[in-house]
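Data from model-v9.cif: mmCIF, C-alpha atoms
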```cif
data_coords
loop_
_atom_site.group_PDB
_atom_site.id
_atom_site.type_symbol
_atom_site.label_atom_id
_atom_site.label_comp_id
_atom_site.auth_asym_id
_atom_site.auth_seq_id
_atom_site.Cartn_x
_atom_site.Cartn_y
_atom_site.Cartn_z
ATOM 1 C CA MET N 1 119.737 61.379 62.824
ATOM 2 C CA ILE N 2 123.190 61.719 64.452
ATOM 3 C CA LYS N 3 124.810 61.703 61.008
ATOM 4 C CA LEU N 4 122.490 64.494 59.859
ATOM 5 C CA ILE N 5 123.304 66.578 62.934
ATOM 6 C CA TRP N 6 127.064 66.236 62.402
ATOM 7 C CA THR N 7 126.623 67.105 58.702
ATOM 8 C CA PHE N 8 124.704 70.247 59.679
ATOM 9 C CA ILE N 9 127.389 71.255 62.192
ATOM 10 C CA PHE N 10 130.121 70.716 59.604
ATOM 11 C CA LEU N 11 128.291 72.826 57.043
ATOM 12 C CA CYS N 12 127.752 75.638 59.582
ATOM 13 C CA VAL N 13 131.421 75.652 60.558
ATOM 14 C CA SER N 14 132.404 75.728 56.906
ATOM 15 C CA CYS N 15 130.048 78.642 56.243
ATOM 16 C CA THR N 16 131.456 80.573 59.176
ATOM 17 C CA ALA N 17 134.992 80.005 58.013
ATOM 18 C CA ASN N 18 134.147 81.349 54.555
ATOM 19 C CA ALA N 19 132.203 84.364 55.790
ATOM 20 C CA VAL N 20 133.617 87.790 55.005
ATOM 21 C CA ASP N 21 135.168 89.756 57.845
ATOM 22 C CA PHE N 22 133.357 93.092 57.340
ATOM 23 C CA SER N 23 132.611 95.824 54.806
ATOM 24 C CA PHE N 24 133.134 99.580 54.745
ATOM 25 C CA GLY N 25 132.135 102.468 52.477
ATOM 26 C CA LEU N 26 134.191 105.075 50.635
ATOM 27 C CA TRP N 27 132.912 108.422 49.351
ATOM 28 C CA GLY N 28 133.941 112.030 48.845
ATOM 29 C CA ASP N 29 134.045 115.067 46.535
ATOM 30 C CA MET N 30 130.429 116.025 47.261
ATOM 31 C CA PRO N 31 128.213 118.013 47.472
ATOM 32 C CA TYR N 32 129.260 120.656 44.952
ATOM 33 C CA ALA N 33 127.066 123.751 44.967
ATOM 34 C CA ARG N 34 127.959 124.536 41.374
ATOM 35 C CA ASN N 35 126.458 121.191 40.320
ATOM 36 C CA ASN N 36 123.334 121.533 42.489
ATOM 37 C CA ASP N 37 123.802 118.001 43.765
ATOM 38 C CA ALA N 38 122.762 118.353 47.409
ATOM 39 C CA ARG N 39 119.835 115.980 46.767
ATOM 40 C CA GLN N 40 122.112 113.440 45.129
ATOM 41 C CA THR N 41 124.569 113.604 48.015
ATOM 42 C CA GLN N 42 121.751 112.929 50.473
ATOM 43 C CA ALA N 43 120.810 109.925 48.336
ATOM 44 C CA VAL N 44 124.389 108.652 48.704
ATOM 45 C CA ILE N 45 124.158 109.109 52.475
ATOM 46 C CA ASP N 46 120.827 107.276 52.562
ATOM 47 C CA SER N 47 122.335 104.438 50.537
ATOM 48 C CA ILE N 48 125.330 104.104 52.863
ATOM 49 C CA ASN N 49 123.056 104.252 55.929
ATOM 50 C CA ALA N 50 120.959 101.410 54.512
ATOM 51 C CA ALA N 51 123.955 99.271 53.528
ATOM 52 C CA ASP N 52 125.637 96.484 55.429
ATOM 53 C CA VAL N 53 128.827 98.402 56.223
ATOM 54 C CA SER N 54 130.574 98.805 59.543
ATOM 55 C CA PHE N 55 131.654 102.399 58.857
ATOM 56 C CA SER N 56 132.466 104.775 56.011
ATOM 57 C CA ILE N 57 135.370 107.049 55.128
ATOM 58 C CA PHE N 58 134.992 110.425 53.410
ATOM 59 C CA ASP N 59 138.149 111.221 51.435
ATOM 60 C CA GLY N 60 137.849 114.989 51.259
ATOM 61 C CA ASP N 61 136.234 117.902 49.409
ATOM 62 C CA PHE N 62 132.865 118.586 51.016
ATOM 63 C CA LYS N 63 132.610 121.715 48.829
ATOM 64 C CA ASP N 64 133.582 122.628 45.292
ATOM 65 C CA GLY N 65 136.686 124.603 44.402
ATOM 66 C CA SER N 66 134.900 127.792 43.413
ATOM 67 C CA SER N 67 132.553 128.370 46.361
ATOM 68 C CA VAL N 68 133.172 130.486 49.449
ATOM 69 C CA CYS N 69 134.847 128.839 52.467
ATOM 70 C CA ASN N 70 132.330 130.224 54.974
ATOM 71 C CA ASP N 71 132.394 129.062 58.607
ATOM 72 C CA SER N 72 128.776 127.970 58.345
ATOM 73 C CA LEU N 73 129.667 125.389 55.696
ATOM 74 C CA TYR N 74 132.018 123.634 58.109
ATOM 75 C CA THR N 75 129.511 123.511 60.940
ATOM 76 C CA GLN N 76 126.775 122.290 58.580
ATOM 77 C CA THR N 77 129.057 119.570 57.218
ATOM 78 C CA LEU N 78 129.847 118.474 60.775
ATOM 79 C CA LYS N 79 126.108 118.075 61.402
ATOM 80 C CA THR N 80 125.748 116.066 58.188
ATOM 81 C CA PHE N 81 128.614 113.750 59.104
ATOM 82 C CA ASN N 82 127.351 113.292 62.650
ATOM 83 C CA ALA N 83 123.928 112.324 61.315
ATOM 84 C CA MET N 84 125.411 109.219 59.660
ATOM 85 C CA ARG N 85 124.086 106.095 61.356
ATOM 86 C CA ARG N 86 127.460 104.398 61.563
ATOM 87 C CA PRO N 87 130.927 105.800 62.203
ATOM 88 C CA LEU N 88 132.267 108.282 59.643
ATOM 89 C CA VAL N 89 135.999 108.945 59.361
ATOM 90 C CA TYR N 90 136.831 112.229 57.624
ATOM 91 C CA VAL N 91 140.050 112.993 55.730
ATOM 92 C CA PRO N 92 140.480 116.659 54.654
ATOM 93 C CA GLY N 93 140.561 117.755 51.027
ATOM 94 C CA ASP N 94 142.008 120.745 49.200
ATOM 95 C CA ASN N 95 138.711 122.499 48.511
ATOM 96 C CA GLU N 96 138.095 123.083 52.213
ATOM 97 C CA TRP N 97 141.499 124.522 53.025
ATOM 98 C CA THR N 98 144.404 124.718 50.539
ATOM 99 C CA ASP N 99 142.273 126.378 47.835
ATOM 100 C CA CYS N 100 140.411 128.824 50.070
ATOM 101 C CA HIS N 101 142.910 131.576 49.162
ATOM 102 C CA ARG N 102 141.233 131.918 45.765
ATOM 103 C CA ILE N 103 139.268 135.096 45.167
ATOM 104 C CA ASN N 104 136.123 133.117 44.327
ATOM 105 C CA ASN N 105 136.564 131.192 47.589
ATOM 106 C CA GLY N 106 136.502 134.374 49.613
ATOM 107 C CA GLY N 107 140.250 134.986 49.835
ATOM 108 C CA PHE N 108 140.736 133.146 53.133
ATOM 109 C CA ASP N 109 144.076 132.216 54.656
ATOM 110 C CA PRO N 110 144.379 128.444 54.019
ATOM 111 C CA LEU N 111 146.326 127.908 57.235
ATOM 112 C CA GLU N 112 143.536 129.548 59.216
ATOM 113 C CA ARG N 113 141.004 127.300 57.460
ATOM 114 C CA LEU N 114 143.122 124.253 58.350
ATOM 115 C CA THR N 115 143.057 125.366 61.973
ATOM 116 C CA LEU N 116 139.271 125.603 61.734
ATOM 117 C CA ILE N 117 139.074 122.072 60.303
ATOM 118 C CA ARG N 118 141.145 120.711 63.166
ATOM 119 C CA LYS N 119 139.013 122.433 65.792
ATOM 120 C CA THR N 120 135.722 121.499 64.109
ATOM 121 C CA PHE N 121 136.237 117.891 63.008
ATOM 122 C CA PHE N 122 139.136 116.629 65.144
ATOM 123 C CA SER N 123 138.391 118.031 68.587
ATOM 124 C CA GLN N 124 138.322 114.563 70.132
ATOM 125 C CA PRO N 125 139.972 111.197 69.361
ATOM 126 C CA MET N 126 136.985 109.514 67.802
ATOM 127 C CA SER N 127 135.148 109.319 64.513
ATOM 128 C CA LEU N 128 132.040 111.244 63.593
ATOM 129 C CA GLY N 129 128.571 109.713 63.242
ATOM 130 C CA GLN N 130 125.790 108.534 65.558
ATOM 131 C CA GLN N 131 127.977 105.528 66.358
ATOM 132 C CA THR N 132 131.674 106.236 66.784
ATOM 133 C CA LEU N 133 135.049 104.549 66.519
ATOM 134 C CA ALA N 134 137.981 105.392 68.730
ATOM 135 C CA LEU N 135 140.783 106.969 66.709
ATOM 136 C CA GLU N 136 144.450 107.540 67.355
ATOM 137 C CA GLN N 137 145.524 111.058 66.391
ATOM 138 C CA GLN N 138 149.047 112.070 65.470
ATOM 139 C CA GLY N 139 148.688 115.405 67.208
ATOM 140 C CA LYS N 140 146.808 116.573 70.261
ATOM 141 C CA ALA N 141 143.043 116.834 69.626
ATOM 142 C CA ALA N 142 142.118 120.003 67.683
ATOM 143 C CA ASP N 143 145.793 120.856 67.302
ATOM 144 C CA LYS N 144 148.492 120.457 64.643
ATOM 145 C CA PHE N 145 148.304 117.086 62.816
ATOM 146 C CA SER N 146 145.228 115.967 64.755
ATOM 147 C CA GLU N 147 143.619 115.311 61.359
ATOM 148 C CA ASN N 148 146.060 112.431 60.803
ATOM 149 C CA THR N 149 144.213 109.481 62.279
ATOM 150 C CA ARG N 150 144.574 105.732 62.642
ATOM 151 C CA PHE N 151 142.485 102.827 63.860
ATOM 152 C CA THR N 152 142.412 99.052 63.662
ATOM 153 C CA TYR N 153 139.248 97.175 62.775
ATOM 154 C CA GLN N 154 139.273 93.380 62.951
ATOM 155 C CA ASN N 155 143.049 93.368 62.439
ATOM 156 C CA ILE N 156 143.002 95.636 59.378
ATOM 157 C CA VAL N 157 144.886 98.887 59.976
ATOM 158 C CA PHE N 158 143.390 102.124 58.621
ATOM 159 C CA VAL N 159 145.345 105.375 58.386
ATOM 160 C CA GLY N 160 144.025 108.760 57.239
ATOM 161 C CA LEU N 161 146.492 111.449 56.192
ATOM 162 C CA ASN N 162 146.197 115.111 55.258
ATOM 163 C CA VAL N 163 147.657 114.872 51.736
ATOM 164 C CA PRO N 164 145.481 117.273 49.704
ATOM 165 C CA GLY N 165 145.314 118.476 46.146
ATOM 166 C CA SER N 166 146.948 121.575 44.771
ATOM 167 C CA ASN N 167 150.366 119.950 45.061
ATOM 168 C CA ASN N 168 150.018 119.180 48.776
ATOM 169 C CA ASN N 169 149.948 122.954 49.543
ATOM 170 C CA TRP N 170 153.455 123.456 48.176
ATOM 171 C CA VAL N 171 153.529 126.814 46.339
ATOM 172 C CA LYS N 172 156.485 126.524 43.990
ATOM 173 C CA THR N 173 156.426 129.807 42.061
ATOM 174 C CA ALA N 174 155.500 133.454 42.506
ATOM 175 C CA GLN N 175 152.933 133.076 39.747
ATOM 176 C CA ALA N 176 151.283 130.149 41.524
ATOM 177 C CA CYS N 177 151.224 132.240 44.687
ATOM 178 C CA THR N 178 149.174 135.112 43.278
ATOM 179 C CA ASP N 179 147.200 133.479 40.436
ATOM 180 C CA GLN N 180 143.465 134.146 41.025
ATOM 181 C CA SER N 181 144.419 134.812 44.647
ATOM 182 C CA VAL N 182 144.812 137.571 47.206
ATOM 183 C CA ARG N 183 147.878 135.903 48.764
ATOM 184 C CA THR N 184 151.116 137.734 49.433
ATOM 185 C CA GLN N 185 154.549 136.159 49.157
ATOM 186 C CA VAL N 186 154.778 136.144 52.950
ATOM 187 C CA GLU N 187 151.635 133.995 53.106
ATOM 188 C CA CYS N 188 152.980 131.661 50.431
ATOM 189 C CA ASP N 189 156.233 131.308 52.337
ATOM 190 C CA ALA N 190 154.178 130.342 55.380
ATOM 191 C CA ALA N 191 152.297 127.813 53.255
ATOM 192 C CA ASN N 192 155.569 126.234 52.160
ATOM 193 C CA THR N 193 156.736 126.004 55.752
ATOM 194 C CA GLU N 194 153.453 124.289 56.611
ATOM 195 C CA PHE N 195 153.905 121.872 53.695
ATOM 196 C CA SER N 196 157.422 120.926 54.758
ATOM 197 C CA GLU N 197 156.428 120.258 58.374
ATOM 198 C CA ARG N 198 153.310 118.302 57.458
ATOM 199 C CA ASP N 199 155.129 116.258 54.795
ATOM 200 C CA VAL N 200 157.601 115.075 57.431
ATOM 201 C CA ALA N 201 154.769 114.335 59.857
ATOM 202 C CA ASN N 202 152.777 112.476 57.195
ATOM 203 C CA ILE N 203 155.715 110.223 56.371
ATOM 204 C CA GLU N 204 156.287 109.509 60.054
ATOM 205 C CA TRP N 205 152.598 108.684 60.602
ATOM 206 C CA LEU N 206 152.589 106.436 57.514
ATOM 207 C CA LYS N 207 155.644 104.515 58.715
ATOM 208 C CA ASP N 208 154.108 104.139 62.169
ATOM 209 C CA ALA N 209 150.958 102.659 60.602
ATOM 210 C CA PHE N 210 152.988 100.069 58.692
ATOM 211 C CA ALA N 211 154.957 99.241 61.834
ATOM 212 C CA LYS N 212 151.695 98.719 63.709
ATOM 213 C CA ALA N 213 150.335 96.498 60.934
ATOM 214 C CA LYS N 214 153.501 94.399 60.971
ATOM 215 C CA SER N 215 153.518 94.079 64.749
ATOM 216 C CA GLN N 216 150.020 92.601 64.762
ATOM 217 C CA ALA N 217 150.535 90.518 61.595
ATOM 218 C CA ALA N 218 147.710 92.377 59.850
ATOM 219 C CA LYS N 219 146.630 90.976 56.489
ATOM 220 C CA GLY N 220 145.861 94.432 55.125
ATOM 221 C CA LEU N 221 146.415 98.146 55.505
ATOM 222 C CA VAL N 222 144.191 100.914 54.118
ATOM 223 C CA VAL N 223 145.746 104.326 53.440
ATOM 224 C CA VAL N 224 143.340 107.197 52.752
ATOM 225 C CA ILE N 225 144.320 110.586 51.318
ATOM 226 C CA GLN N 226 142.458 113.159 49.225
ATOM 227 C CA ALA N 227 144.839 113.938 46.384
ATOM 228 C CA ASN N 228 145.637 111.946 43.290
ATOM 229 C CA PRO N 229 149.441 112.084 43.591
ATOM 230 C CA GLY N 230 149.958 111.743 39.842
ATOM 231 C CA PHE N 231 149.064 108.169 38.937
ATOM 232 C CA ASP N 232 147.113 108.905 35.774
ATOM 233 C CA LEU N 233 149.667 111.136 34.075
ATOM 234 C CA SER N 234 152.430 108.585 34.273
ATOM 235 C CA GLU N 235 152.199 104.869 34.779
ATOM 236 C CA THR N 236 155.835 104.744 35.798
ATOM 237 C CA TRP N 237 157.199 105.424 39.264
ATOM 238 C CA PRO N 238 158.963 107.580 40.298
ATOM 239 C CA LEU N 239 157.407 110.521 38.482
ATOM 240 C CA ASP N 240 159.665 112.787 36.469
ATOM 241 C CA GLU N 241 160.300 116.091 38.267
ATOM 242 C CA THR N 242 160.896 117.953 34.997
ATOM 243 C CA THR N 243 157.715 116.828 33.240
ATOM 244 C CA LEU N 244 155.288 116.733 36.168
ATOM 245 C CA PRO N 245 156.278 119.552 38.538
ATOM 246 C CA GLU N 246 152.661 120.044 39.598
ATOM 247 C CA TYR N 247 152.928 116.731 41.494
ATOM 248 C CA SER N 248 156.279 117.450 43.109
ATOM 249 C CA GLY N 249 154.686 117.942 46.536
ATOM 250 C CA TYR N 250 153.932 114.217 46.732
ATOM 251 C CA ARG N 251 157.389 112.854 45.836
ATOM 252 C CA LYS N 252 158.778 112.133 49.298
ATOM 253 C CA TRP N 253 155.510 110.794 50.700
ATOM 254 C CA MET N 254 154.946 108.505 47.716
ATOM 255 C CA SER N 255 158.509 107.224 47.908
ATOM 256 C CA ALA N 256 157.875 106.341 51.543
ATOM 257 C CA LEU N 257 154.594 104.619 50.621
ATOM 258 C CA VAL N 258 156.334 102.520 47.973
ATOM 259 C CA ALA N 259 159.175 101.545 50.301
ATOM 260 C CA GLN N 260 156.794 100.638 53.132
ATOM 261 C CA THR N 261 154.584 98.593 50.804
ATOM 262 C CA GLU N 262 157.609 96.689 49.534
ATOM 263 C CA GLY N 263 158.454 95.678 53.081
ATOM 264 C CA PHE N 264 154.919 94.660 54.070
ATOM 265 C CA GLY N 265 153.670 91.097 53.735
ATOM 266 C CA GLY N 266 149.979 91.989 53.441
ATOM 267 C CA GLN N 267 147.841 93.891 50.969
ATOM 268 C CA VAL N 268 147.906 97.698 50.781
ATOM 269 C CA LEU N 269 144.853 99.607 49.571
ATOM 270 C CA LEU N 270 145.398 103.281 48.764
ATOM 271 C CA VAL N 271 142.189 105.312 48.640
ATOM 272 C CA HIS N 272 141.915 108.818 47.207
ATOM 273 C CA GLY N 273 139.441 111.148 45.523
ATOM 274 C CA ASP N 274 140.249 114.357 43.649
ATOM 275 C CA ASP N 275 139.483 113.413 40.024
ATOM 276 C CA HIS N 276 135.889 112.171 40.499
ATOM 277 C CA PHE N 277 136.292 109.073 38.304
ATOM 278 C CA PHE N 278 135.911 105.631 39.861
ATOM 279 C CA LYS N 279 139.035 103.587 39.207
ATOM 280 C CA VAL N 280 140.625 100.450 40.572
ATOM 281 C CA ASP N 281 144.092 99.512 39.367
ATOM 282 C CA LYS N 282 147.652 98.591 40.268
ATOM 283 C CA PRO N 283 149.547 101.673 39.036
ATOM 284 C CA LEU N 284 152.937 100.864 40.584
ATOM 285 C CA TYR N 285 155.612 100.628 39.453
ATOM 286 C CA SER N 286 155.157 100.419 35.695
ATOM 287 C CA PRO N 287 153.414 98.264 33.080
ATOM 288 C CA ASN N 288 156.491 96.050 33.015
ATOM 289 C CA LYS N 289 157.021 95.770 36.771
ATOM 290 C CA LEU N 290 154.097 95.248 39.131
ATOM 291 C CA LEU N 291 154.028 96.053 42.832
ATOM 292 C CA LYS N 292 151.740 93.111 43.460
ATOM 293 C CA ASN N 293 150.431 93.925 46.921
ATOM 294 C CA PHE N 294 149.472 97.543 46.096
ATOM 295 C CA THR N 295 145.997 98.506 44.833
ATOM 296 C CA ARG N 296 144.628 101.981 44.197
ATOM 297 C CA VAL N 297 140.939 102.886 44.354
ATOM 298 C CA GLN N 298 139.783 106.336 43.285
ATOM 299 C CA THR N 299 136.316 107.205 44.520
ATOM 300 C CA PHE N 300 133.378 108.804 42.734
ATOM 301 C CA GLY N 301 132.732 112.539 42.964
ATOM 302 C CA SER N 302 130.326 115.250 41.874
ATOM 303 C CA PRO N 303 128.420 115.189 39.566
ATOM 304 C CA SER N 304 128.843 111.402 39.578
ATOM 305 C CA ASN N 305 127.473 110.951 43.072
ATOM 306 C CA HIS N 306 127.881 107.322 44.076
ATOM 307 C CA TRP N 307 130.023 105.381 46.552
ATOM 308 C CA VAL N 308 132.328 102.397 46.841
ATOM 309 C CA LYS N 309 131.856 99.346 49.030
ATOM 310 C CA VAL N 310 134.928 97.417 50.124
ATOM 311 C CA THR N 311 134.482 93.937 51.522
ATOM 312 C CA VAL N 312 137.275 92.523 53.637
ATOM 313 C CA ASP N 313 137.940 88.795 53.577
ATOM 314 C CA THR N 314 141.291 87.939 55.097
ATOM 315 C CA ALA N 315 140.895 84.325 53.982
ATOM 316 C CA THR N 316 141.416 85.433 50.372
ATOM 317 C CA PRO N 317 144.762 86.425 48.825
ATOM 318 C CA ASN N 318 143.621 89.916 47.781
ATOM 319 C CA VAL N 319 141.866 90.651 51.126
ATOM 320 C CA PHE N 320 139.927 93.616 49.651
ATOM 321 C CA ALA N 321 137.002 93.183 47.214
ATOM 322 C CA ILE N 322 135.973 96.538 45.710
ATOM 323 C CA GLN N 323 132.451 97.185 44.423
ATOM 324 C CA PRO N 324 131.037 100.436 42.983
ATOM 325 C CA ILE N 325 127.582 101.189 44.393
ATOM 326 C CA ILE N 326 125.480 103.110 41.890
ATOM 327 C CA VAL N 327 122.778 105.086 43.657
ATOM 328 C CA ASN N 328 119.422 104.942 41.881
ATOM 329 C CA GLY N 329 118.245 108.319 40.628
ATOM 330 C CA ASN N 330 121.681 109.926 40.725
#
```
Written as structure tokens, that's how I'd like the structure from this file.
Amino acid sequence: MIKLIWTFIFLCVSCTANAVDFSFGLWGDMPYARNNDARQTQAVIDSINAADVSFSIFDGDFKDGSSVCNDSLYTQTLKTFNAMRRPLVYVPGDNEWTDCHRINNGGFDPLERLTLIRKTFFSQPMSLGQQTLALEQQGKAADKFSENTRFTYQNIVFVGLNVPGSNNNWVKTAQACTDQSVRTQVECDAANTEFSERDVANIEWLKDAFAKAKSQAAKGLVVVIQANPGFDLSETWPLDETTLPEYSGYRKWMSALVAQTEGFGGQVLLVHGDDHFFKVDKPLYSPNKLLKNFTRVQTFGSPSNHWVKVTVDTATPNVFAIQPIIVNGN
């Protein structure tokens, strides 16, 4: 009998040691009115609510790029996010601010829409959802850079950064300024000033996150942005300025990400949306030279409305196990 008891205790200890640390969900780029997928997005929410995840992260674009950026959409989205059963961390996308200057978006000032996002979604240092997580914010709540957030969960560091599509809000030419837009050159100059300031802040916040991860000997760090910074047009880093100018707004930030990853002993998971195709790969530096501790996951998006589950197990070399969750009926 004593032998059986000790065998049972040993097995239980072994099971505990091999248990995963926790899981979290990733989703974004939904719902899109033009695809009539509100029902499918609710099905994704229901699936996440029913899943064994500690929290979820929405990596931008809660509207499509050709619908109007009305105030009511932001308040309704806030209600949707706050209805999530577990904490929801939101990272802004281009469709809800940088692209709102488009005529078919209502011709809004993108900087004014960014101010609205900060006041609506980042008015306090905590996540959204019925349950909440405490967040660190780079800027004062509801103010400049408050959308850049950070938190630690079971010794994994998470950092969310406002790095959106449309070249990170860098307007490089006069044609880009006025194409399908009501913008003036003065407004585009203001946009470029905003880009420059935020790019510096983003790099600082990224470096701080890596420093925090190193200081606590974290096994992993998760970086979440909205934009695809150019991975799928060139498998070689750094990108060529002359052939891919539309991704020039990400150069400095990506260079910082690469340098910080090189100096980090744990695993780095970069999460982004933007292109709506689920992908998991190691796109840096090139096919002939692998940055071994860097993994990219691109999340689903409308009309492919599903989500991604990431399981964290710090006892394994890769730390992050990535699983696409296909929602029945979508």
Produce a table with one row for each residue of region 196-310 of chain N that has an atom at most 10 Å from any atom of region 135-143 of chain N, each row naming the nearest atom pair and its distance in Å at one decimal; use all atoms listed in the file; arrange rows by chain and rising residue number; format as a tab-separated table.
```
residue	atom	partner	partner_atom	distance
N:Ala201	CA	N:Gln138	CA	8.3
N:Asn202	CA	N:Gln138	CA	9.1
N:Glu204	CA	N:Gln138	CA	9.4
N:Trp205	CA	N:Gln138	CA	6.9
N:Asp208	CA	N:Gln138	CA	10.0
```
Q. Hey, what comes out of the PyMOL selection byres ((chain N and resi 275-292) around 9) on this file? Could you write it as a PyMOL selection string?
A. chain N and resi 28-29+227-228+231-232+234-238+258+261-262+267+272-274+293-305+307-308+322+324
Q | Among listed residues N:Glu147, N:Asp64, N:Asp71, N:Glu112, nearest Val89 (chain N) (using only C-alpha atoms) | A | N:Glu147
(Q) One number please: CA of Ser248 (chain N) to CA of Ala176 (chain N), in Å, one decimal. (A)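 Between CA of Ser248 (chain N) and CA of Ala176 (chain N) the gap is 13.7 Å.
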(Q) Running the PyMOL selection byres ((chain N and resi 209-225) around 8) on this model by hand, what would come out? Give it as a ChimeraX atom specification. (A) /N:59-60,91-92,150,155-164,205-208,226-227,260,264-273,314,319
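Proximity ranking of N:Ser66, N:Arg86, N:Asp94, N:Thr77 relative to Phe121 (chain N) places N:Thr77 first, based on all atoms listed in the file.
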Q: Go through N:Glu246, N:Glu197, N:Asp46, N:Asp61 one by one, measure the shortest atom-to-atom distance of each to Lys172 (chain N) using only C-alpha atoms, and give the residue with the smallest value.
A: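 Closest candidate: N:Glu246.
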Q) Which residue out of N:Asp189, N:Leu88, N:Lys144, N:Gly65 has the minimum interatomic distance to Thr115 (chain N) when all atoms listed in the file are used? A)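 Nearest candidate to Thr115 (chain N) out of N:Asp189, N:Leu88, N:Lys144, N:Gly65: N:Lys144.
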Generate the missing atoms of region 223-229 of chain N up to all heavy atoms and report them as a compact mmCIF listing (two decimals), keeping the file's coordinate frame.
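Heads up, here's the output in rebuild-v5.txt:
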```txt
# COMPACT_ATOMS: atom_id res chain seq x y z
N VAL N 223 145.21 102.96 53.35
CA VAL N 223 145.75 104.33 53.44
C VAL N 223 144.80 105.25 52.70
O VAL N 223 144.50 105.02 51.52
CB VAL N 223 147.15 104.42 52.82
CG1 VAL N 223 147.71 105.82 52.97
CG2 VAL N 223 148.09 103.39 53.45
N VAL N 224 144.32 106.29 53.36
CA VAL N 224 143.34 107.20 52.75
C VAL N 224 143.90 108.61 52.72
O VAL N 224 144.29 109.16 53.75
CB VAL N 224 142.00 107.19 53.51
CG1 VAL N 224 140.96 108.04 52.77
CG2 VAL N 224 141.49 105.76 53.69
N ILE N 225 143.94 109.20 51.52
CA ILE N 225 144.32 110.59 51.32
C ILE N 225 143.29 111.21 50.39
O ILE N 225 142.40 110.52 49.87
CB ILE N 225 145.74 110.72 50.72
CG1 ILE N 225 145.80 110.06 49.34
CG2 ILE N 225 146.77 110.11 51.66
CD1 ILE N 225 147.14 110.24 48.63
N GLN N 226 143.39 112.52 50.16
CA GLN N 226 142.46 113.16 49.22
C GLN N 226 143.02 113.26 47.81
O GLN N 226 142.32 113.02 46.83
CB GLN N 226 142.08 114.55 49.72
CG GLN N 226 141.02 115.25 48.85
CD GLN N 226 141.61 116.19 47.80
OE1 GLN N 226 142.67 116.78 48.02
NE2 GLN N 226 140.96 116.32 46.66
N ALA N 227 144.28 113.60 47.68
CA ALA N 227 144.84 113.94 46.38
C ALA N 227 145.16 112.71 45.54
O ALA N 227 145.57 111.66 46.06
CB ALA N 227 146.11 114.75 46.56
N ASN N 228 145.02 112.87 44.23
CA ASN N 228 145.64 111.95 43.29
C ASN N 228 147.08 112.40 43.14
O ASN N 228 147.34 113.49 42.62
CB ASN N 228 144.92 111.99 41.94
CG ASN N 228 145.54 111.04 40.93
OD1 ASN N 228 146.66 110.56 41.09
ND2 ASN N 228 144.81 110.77 39.86
N PRO N 229 148.06 111.63 43.59
CA PRO N 229 149.44 112.08 43.59
C PRO N 229 150.15 111.97 42.25
O PRO N 229 151.37 112.11 42.19
CB PRO N 229 150.10 111.18 44.64
CG PRO N 229 149.32 109.92 44.58
CD PRO N 229 147.90 110.33 44.28
```
